[in-house]
Amino acid sequence: MTEQTIVCPKCGTEIPLSSALTQQIEERLRQGLEAEIRQQAREAAEQALTAEMTDLREQVAERSKLLEEARAQELDLRKRQRDLEDKARMLELETARRVDEERQKIEQATSARLADEYRFKELEKDKQLSDLRKEIEDLRRKAEQGSQQTQGEVAELELEQILAATFPHDQIEPIGKGIRGADVLQKIHTPTGHYCGSILWESKNTRSWGADWIVKLKDDQREKKADLAVLASVVLPKEVAHFAQIDGVWVTGFPYVIGVATALRANLIQVAMARLAATGKNEKMEMLYAYLSGVEFRQRVEAIVESFVTMKNDLDKERRATEKVWAKREKQIQRVIQNVAGMYGEMEGIIGQSLPEIESLQLPAPDDDESEG
């Protein structure tokens, strides 16, 4: 067995070792080595642990960073989602508003179009009515623009008929065509046949007043030796409303002929009776003449005619009021019939042929001859 030696570090001498010592040395060396190994292992482990911890920390930091970024992204995504939802809601609201605005615009445009159509129809109807009125006016004007002779004859006949029908005891003498002396001579008689005087009548049916009519009628009155002269005209002077005395001639409109004739006739009869009672008394004759040509006589005539005018105006008002009520009721009845017919038509369109027929709302059946043809 070879002895083991150890070299002295100071002198370099090999020192033999016994086995026991060798074992001890080896044991110590081994322990020292193990301690060193352990130390190295510990240091290596610590370094590895430190590296691992550093790596873990870096991983944790990186993961934290990533988590923070993820959270930030999530927040950003949530914010974007909320923004998108808000935008979607705003877009929906804006769309609803625009739809409402467009609907209002369409409704306004439709209303305006319908209003224009209705206005055009109204204008068309007004134009048609205006054309019809113009046509009627033209026809009326043409009818009125007949010959002056025909118009005069119509007025003369009307005056003659009025006087004859109103005063059956009087003698109504029409003056022939081409004979000078106005139109009609009314010879007044009492119911007992006593002659009381005469009234010369002239009728005018023209559009304008003639300034020479009064002079001509006075000449005719003197020629016919008539007591009074009356001019009945469709057109009166501006200063005459219903009737008046102009230069000794009575002027009146046709609606007041009966009133004027009644008043003048009554006064002539009264004068004639007074004249009859005062026969041979010149003073009374002069008084009667003064009365006949005086203001009192004229006032009496005016009072009688005014009463007649008032009664006639009242009668015209009553006639107009009655016609107005009739026209109003006719419009109301026509409106009711139209609404009932419209409602019946709408119900018939909904229900169909099962709706009972109303005979008055159906079209009239054609005649047998027409159906055969």
# chains A, B, ... in the order shown; residues from 1 in each chain; ligands from 1
>>> residues_around(residues="Arg300 (chain A)", least_positions_apart="2", cutoff="12 Å", atoms="only C-alpha atoms", output="PyMOL selection string")
chain A and resi 259-260+262-268+270+291-298+302-307
>>> atom_distance(atom1="CA of Ile333 (chain A)", atom2="CA of Leu315 (chain A)")
26.8 Å
>>> select_by_dssp(residues="region 151-326 of chain A", states="helix (DSSP H, G or I)", output="ChimeraX atom specification")
/A:151-166,213-224,254-277,282-292,295-326
>>> closest_residue(among="A:Leu66, A:Ala61, A:Leu200, A:Ala211", to="Ala226 (chain A)", atoms="only C-alpha atoms")
A:Leu200
>>> atom_distance(atom1="CA of Val249 (chain A)", atom2="CA of His189 (chain A)")
21.6 Å
>>> closest_residue(among="A:Leu56, A:Ala44, A:Val325, A:Val257", to="Ser233 (chain A)", atoms="only C-alpha atoms")
A:Val257
>>> decode(residues="region 203-249 of chain A", atoms="C-alpha atoms", output="tab-separated table (two decimals), in the first residue's frame")
chain	number	residue	atom	x	y	z
A	203	SER	CA	-144.43	105.87	-70.40
A	204	LYS	CA	-140.65	105.66	-70.92
A	205	ASN	CA	-138.54	102.49	-70.87
A	206	THR	CA	-135.04	103.72	-71.66
A	207	ARG	CA	-131.64	103.71	-70.00
A	208	SER	CA	-131.23	107.45	-69.62
A	209	TRP	CA	-133.44	110.40	-68.69
A	210	GLY	CA	-134.50	112.74	-71.48
A	211	ALA	CA	-134.46	116.44	-70.63
A	212	ASP	CA	-137.07	117.29	-73.28
A	213	TRP	CA	-139.68	114.80	-72.06
A	214	ILE	CA	-141.33	117.26	-69.65
A	215	VAL	CA	-141.75	119.98	-72.32
A	216	LYS	CA	-143.17	117.52	-74.85
A	217	LEU	CA	-145.64	116.08	-72.32
A	218	LYS	CA	-146.84	119.56	-71.34
A	219	ASP	CA	-147.48	120.34	-75.02
A	220	ASP	CA	-149.39	117.07	-75.35
A	221	GLN	CA	-151.35	117.91	-72.19
A	222	ARG	CA	-152.43	121.25	-73.63
A	223	GLU	CA	-153.38	119.62	-76.91
A	224	LYS	CA	-155.44	116.91	-75.21
A	225	LYS	CA	-156.79	119.42	-72.71
A	226	ALA	CA	-155.98	117.00	-69.89
A	227	ASP	CA	-156.23	118.19	-66.31
A	228	LEU	CA	-153.00	116.50	-65.20
A	229	ALA	CA	-149.98	114.92	-66.88
A	230	VAL	CA	-147.92	112.04	-65.48
A	231	LEU	CA	-144.64	110.68	-66.82
A	232	ALA	CA	-143.94	107.06	-65.74
A	233	SER	CA	-140.34	106.12	-66.44
A	234	VAL	CA	-137.92	103.32	-65.62
A	235	VAL	CA	-135.14	105.89	-65.16
A	236	LEU	CA	-135.85	108.92	-62.98
A	237	PRO	CA	-133.92	112.19	-62.64
A	238	LYS	CA	-131.23	112.26	-59.96
A	239	GLU	CA	-133.26	114.58	-57.74
A	240	VAL	CA	-136.31	112.26	-57.79
A	241	ALA	CA	-136.33	109.23	-55.50
A	242	HIS	CA	-139.84	107.83	-56.07
A	243	PHE	CA	-142.10	110.58	-57.45
A	244	ALA	CA	-142.14	114.36	-57.73
A	245	GLN	CA	-143.74	117.24	-59.60
A	246	ILE	CA	-141.45	118.88	-62.14
A	247	ASP	CA	-142.69	122.01	-63.98
A	248	GLY	CA	-146.33	121.03	-63.45
A	249	VAL	CA	-145.80	117.42	-64.60
